[in-house]
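Single-structure report; data block below.
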Amino acid sequence: MAARNLLGLTQDELATAASVDRTTVLRFETGQIEPQRASLKKIQDELERRGVEFTNGTGIGVRINFEKAAEYARSTASTRKETDQ
């Protein structure tokens with residue numbers, strides 16, 4: 001949830017972007033399930049693509065790489081411009 005919140009994504013938005021069911025995201029975030037490895041990989045890949053970095057220093061955490069997040073934003077903005085034309 002922290003990683004998703006850093007990006008300002010809803011559960012629906014993350015589920016759609018990662019091509020997983022919304023209930024998978026919901027149940028994972030509430031600790032009800034451990035998603036299948038493939039689903040977890042899709043979620044992690046999508047978050048990382050948008051600039052999230054998972055850390056394992058003295059504790060488990062997440063942070064945002066602003067450069068990578070800006071690069072993602074630029075790439076999606078240019079894609080939207082091309083689609084609108």
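Here's how to read the names in the structure tokens: chain A, B, ... by the order shown, residue numbers from 1 in each chain, ligand numbers from 1 in the order shown.
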List the neighbours of region 15-20 of chain A out to 8 Å using only C-alpha atoms; skip same-chain residues closer than 2 positions along the sequence, and give me the result as a list in words.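 Non-adjacent residues within range: Gln11, Asp12, Glu13, Arg22, Thr24, Val25, Ser39, Lys42, Ile43, Asp45 and Glu46 of chain A.
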Written selection (N, CA and C atoms) as a short mmCIF file (atom, residue, chain, number, x, y, z; two decimals), in the first residue's frame:
data_model
loop_
_atom_site.label_atom_id
_atom_site.label_comp_id
_atom_site.auth_asym_id
_atom_site.auth_seq_id
_atom_site.Cartn_x
_atom_site.Cartn_y
_atom_site.Cartn_z
N GLN A 11 -6.31 1.28 -5.92
CA GLN A 11 -6.17 -0.16 -6.11
C GLN A 11 -6.61 -0.56 -7.52
N ASP A 12 -7.67 0.06 -7.99
CA ASP A 12 -8.15 -0.24 -9.35
C ASP A 12 -7.11 0.12 -10.41
N GLU A 13 -6.51 1.30 -10.26
CA GLU A 13 -5.50 1.75 -11.23
C GLU A 13 -4.30 0.81 -11.25
N ARG A 22 -8.45 -6.67 -9.22
CA ARG A 22 -8.48 -5.69 -8.14
C ARG A 22 -8.50 -6.38 -6.78
N THR A 24 -7.09 -9.06 -5.96
CA THR A 24 -5.73 -9.51 -5.65
C THR A 24 -4.97 -8.41 -4.92
N VAL A 25 -5.07 -7.19 -5.43
CA VAL A 25 -4.41 -6.04 -4.79
C VAL A 25 -5.01 -5.81 -3.41
N SER A 39 1.61 -12.93 -10.16
CA SER A 39 0.85 -11.71 -9.89
C SER A 39 1.69 -10.71 -9.10
N LYS A 42 4.11 -9.02 -11.40
CA LYS A 42 3.46 -8.00 -12.24
C LYS A 42 3.26 -6.71 -11.46
N ILE A 43 2.81 -6.83 -10.22
CA ILE A 43 2.59 -5.65 -9.37
C ILE A 43 3.91 -4.94 -9.11
N ASP A 45 6.74 -5.11 -10.80
CA ASP A 45 7.28 -4.55 -12.05
C ASP A 45 6.60 -3.23 -12.40
N GLU A 46 5.29 -3.16 -12.23
CA GLU A 46 4.56 -1.94 -12.56
C GLU A 46 4.94 -0.80 -11.62
#
If you run DSSP on the backbone here, which positions in chain A get helix (DSSP H, G or I)? Please write them as a count of residues only. 54
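For the pair CA of Lys68 (chain A) and CA of Arg49 (chain A), the interatomic distance is 7.7 Å.
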As a VMD selection string, please: every residue in region 1-84 of chain A that a backbone DSSP assignment puts in strand (DSSP E or B). chain A and resid 52 to 56 60 to 64
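Omitting region 72-74 of chain A and its sequence neighbours fewer than 4 positions away, and counting only C-alpha atoms, the residues within 12 Å are Leu7, Glu46, Leu47, Glu48, Arg49, Arg50, Gly51, Val52, Asn65, Phe66, Glu67, Lys68, Ser78, Thr79, Arg80 and Lys81 of chain A.
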